[in-house]
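Okay, coords_19.cif now, which holds mmCIF, C-alpha atoms and all ligand atoms; chains and numbers go by the auth columns:
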```cif
data_start
#
loop_
_atom_site.group_PDB
_atom_site.id
_atom_site.type_symbol
_atom_site.label_atom_id
_atom_site.label_comp_id
_atom_site.label_asym_id
_atom_site.label_seq_id
_atom_site.Cartn_x
_atom_site.Cartn_y
_atom_site.Cartn_z
_atom_site.B_iso_or_equiv
_atom_site.auth_seq_id
_atom_site.auth_asym_id
ATOM 1 C CA MET A 1 115.461 132.928 -26.094 0.00 7 A
ATOM 2 C CA ALA A 2 117.524 132.850 -22.933 0.00 8 A
ATOM 3 C CA ASN A 3 120.687 133.730 -24.833 0.00 9 A
ATOM 4 C CA SER A 4 119.194 136.539 -26.832 0.00 10 A
ATOM 5 C CA ILE A 5 119.116 140.011 -25.370 0.00 11 A
ATOM 6 C CA TRP A 6 117.746 142.768 -27.547 0.00 12 A
ATOM 7 C CA THR A 7 117.682 146.401 -26.674 0.00 13 A
ATOM 8 C CA ILE A 8 116.597 149.366 -28.758 0.00 14 A
ATOM 9 C CA GLU A 9 119.129 152.157 -28.997 0.00 15 A
ATOM 10 C CA GLU A 10 118.792 155.565 -30.548 0.00 16 A
ATOM 11 C CA PHE A 11 121.414 157.386 -32.579 0.00 17 A
ATOM 12 C CA THR A 12 121.657 160.826 -34.082 0.00 18 A
ATOM 13 C CA CYS A 13 123.557 161.506 -37.268 0.00 19 A
ATOM 14 C CA ALA A 14 126.354 163.976 -36.576 0.00 20 A
ATOM 15 C CA GLY A 15 126.172 165.239 -40.130 0.00 21 A
ATOM 16 C CA CYS A 16 122.521 166.173 -40.545 0.00 22 A
ATOM 17 C CA GLY A 17 120.838 165.467 -37.215 0.00 23 A
ATOM 18 C CA MET A 18 118.652 162.638 -38.477 0.00 24 A
ATOM 19 C CA ASN A 19 117.576 160.287 -35.731 0.00 25 A
ATOM 20 C CA TYR A 20 117.697 156.532 -36.090 0.00 26 A
ATOM 21 C CA THR A 21 116.836 153.609 -33.920 0.00 27 A
ATOM 22 C CA ALA A 22 118.484 150.211 -34.082 0.00 28 A
ATOM 23 C CA THR A 23 118.125 146.953 -32.267 0.00 29 A
ATOM 24 C CA ARG A 24 121.225 145.851 -30.426 0.00 30 A
ATOM 25 C CA GLU A 25 121.702 142.135 -30.058 0.00 31 A
ATOM 26 C CA GLU A 26 124.274 140.692 -27.696 0.00 32 A
ATOM 27 C CA HIS A 27 126.485 137.948 -29.067 0.00 33 A
ATOM 28 C CA THR A 28 129.193 135.742 -27.662 0.00 34 A
ATOM 29 C CA GLU A 29 131.305 136.227 -30.788 0.00 35 A
ATOM 30 C CA PRO A 30 132.617 139.573 -32.018 0.00 36 A
ATOM 31 C CA HIS A 31 130.881 141.377 -34.829 0.00 37 A
ATOM 32 C CA SER A 32 131.691 144.600 -36.557 0.00 38 A
ATOM 33 C CA GLY A 33 129.839 146.856 -38.901 0.00 39 A
ATOM 34 C CA SER A 34 128.623 150.336 -39.498 0.00 40 A
ATOM 35 C CA PHE A 35 125.514 152.154 -40.537 0.00 41 A
ATOM 36 C CA LYS A 36 125.504 155.104 -42.900 0.00 42 A
ATOM 37 C CA CYS A 37 122.955 157.875 -42.908 0.00 43 A
ATOM 38 C CA SER A 38 120.517 157.622 -45.794 0.00 44 A
ATOM 39 C CA ILE A 39 120.304 161.415 -45.967 0.00 45 A
ATOM 40 C CA CYS A 40 123.927 162.564 -45.943 0.00 46 A
ATOM 41 C CA SER A 41 125.822 159.236 -46.177 0.00 47 A
ATOM 42 C CA GLY A 42 127.748 160.019 -43.011 0.00 48 A
ATOM 43 C CA VAL A 43 128.530 157.187 -40.629 0.00 49 A
ATOM 44 C CA VAL A 44 125.918 157.294 -37.901 0.00 50 A
ATOM 45 C CA HIS A 45 127.410 154.485 -35.873 0.00 51 A
ATOM 46 C CA SER A 46 130.099 151.861 -36.213 0.00 52 A
ATOM 47 C CA TRP A 47 130.627 149.008 -33.850 0.00 53 A
ATOM 48 C CA SER A 48 133.053 146.229 -33.088 0.00 54 A
ATOM 49 C CA GLY A 49 132.582 143.794 -30.267 0.00 55 A
ATOM 50 C CA PRO A 50 130.345 141.036 -28.941 0.00 56 A
ATOM 51 C CA HIS A 51 127.198 142.687 -30.211 0.00 57 A
ATOM 52 C CA HIS A 52 125.487 143.565 -33.440 0.00 58 A
ATOM 53 C CA PHE A 53 123.031 146.219 -34.570 0.00 59 A
ATOM 54 C CA PHE A 54 120.211 145.567 -36.990 0.00 60 A
ATOM 55 C CA GLY A 55 116.804 146.845 -37.890 0.00 61 A
ATOM 56 C CA TRP A 56 117.948 150.404 -38.542 0.00 62 A
ATOM 57 C CA ALA A 57 115.020 152.738 -38.976 0.00 63 A
ATOM 58 C CA ALA A 58 114.752 156.471 -39.388 0.00 64 A
ATOM 59 C CA VAL A 59 112.763 158.212 -36.709 0.00 65 A
ATOM 60 C CA LYS A 60 109.956 160.029 -38.465 0.00 66 A
ATOM 61 C CA THR A 61 109.457 162.596 -35.753 0.00 67 A
ATOM 62 C CA ARG A 62 111.011 165.849 -36.848 0.00 68 A
ATOM 63 C CA PRO A 63 112.601 167.931 -34.128 0.00 69 A
ATOM 64 C CA PRO A 64 111.155 171.462 -34.219 0.00 70 A
ATOM 65 C CA VAL A 65 114.606 172.961 -34.633 0.00 71 A
ATOM 66 C CA PHE A 66 114.969 171.219 -37.989 0.00 72 A
ATOM 67 C CA GLY A 67 111.482 171.987 -39.166 0.00 73 A
ATOM 68 C CA ARG A 68 112.369 174.714 -41.612 0.00 74 A
ATOM 69 C CA ARG A 69 115.426 173.008 -42.999 0.00 75 A
ATOM 70 C CA TRP A 70 113.536 169.772 -43.590 0.00 76 A
ATOM 71 C CA ALA A 71 110.596 171.499 -45.199 0.00 77 A
ATOM 72 C CA GLY A 72 112.339 171.298 -48.554 0.00 78 A
ATOM 73 C CA VAL A 73 113.438 167.676 -48.309 0.00 79 A
ATOM 74 C CA GLN A 74 111.739 165.435 -50.822 0.00 80 A
ATOM 75 C CA TRP A 75 111.055 162.042 -49.261 0.00 81 A
HETATM 76 ZN ZN ZN B . 123.002 162.334 -41.869 0.00 101 B
#
```

Rewrite the structure of this file - the entire thing - as structure tokens.
Ligand SMILES: [Zn+2]
Amino acid sequence: MANSIWTIEEFTCAGCGMNYTATREEHTEPHSGSFKCSICSGVVHSWSGPHHFFGWAAVKTRPPVFGRRWAGVQW
């Protein structure tokens, strides 16, 4: 495990404000990829470099400011 460094990072979708968390893993070789919002299909984050993101999960906590808007969302 000495070569594996994981950190949790948080991202907010620029399109709809949905919050996501992802686990960032450091690599010695370059990786690239992107993650699209499951709500509005906008790109939440794209990366290219000696790291990779996985384990994307939507943050269930709803910010108060979006409370009304999200009230009509069918999950
Ligand atoms: Zn979105």

Rounded to one decimal place, report the atom CA of Thr18 of chain A-atom CA of Phe59 of chain A distance in Å.
-> 14.7 Å

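Evaluated on this file, the PyMOL selection byres (((chain A and resi 13) around 9) and not hetatm) matches Ile11, Trp12, Ile14, Glu15, Ala28, Thr29, Arg30, Glu31 and Glu32 of chain A.
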
I need the chosen residues saved as a PDB file, in the frame of the given file, with C-alpha atoms.
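Dumped to part31.pdb:
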```
ATOM      1  CA  ILE A  11     119.116 140.011 -25.370  1.00  0.00           C
ATOM      2  CA  TRP A  12     117.746 142.768 -27.547  1.00  0.00           C
ATOM      3  CA  ILE A  14     116.597 149.366 -28.758  1.00  0.00           C
ATOM      4  CA  GLU A  15     119.129 152.157 -28.997  1.00  0.00           C
ATOM      5  CA  ALA A  28     118.484 150.211 -34.082  1.00  0.00           C
ATOM      6  CA  THR A  29     118.125 146.953 -32.267  1.00  0.00           C
ATOM      7  CA  ARG A  30     121.225 145.851 -30.426  1.00  0.00           C
ATOM      8  CA  GLU A  31     121.702 142.135 -30.058  1.00  0.00           C
ATOM      9  CA  GLU A  32     124.274 140.692 -27.696  1.00  0.00           C
TER      10      GLU A  32
END
```

The PyMOL selection byres (((not hetatm)) within 10 of (chain B and resi 101)) on the file shown: which residues, as a VMD selection string?
-> chain A and resid 18 to 26 42 to 50

Applied to this file, what does the PyMOL selection byres (((chain A and resi 33) around 6) and not hetatm) return in terms of residues, put as a ChimeraX atom specification?
-> /A:32,34-35,56-57

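Counting from atom CA of His37 of chain A, the distance to atom CA of Val65 of chain A is 24.8 Å.
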
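Going from atom CA of Phe17 of chain A over to atom CA of Ser54 of chain A, you cover 16.1 Å.
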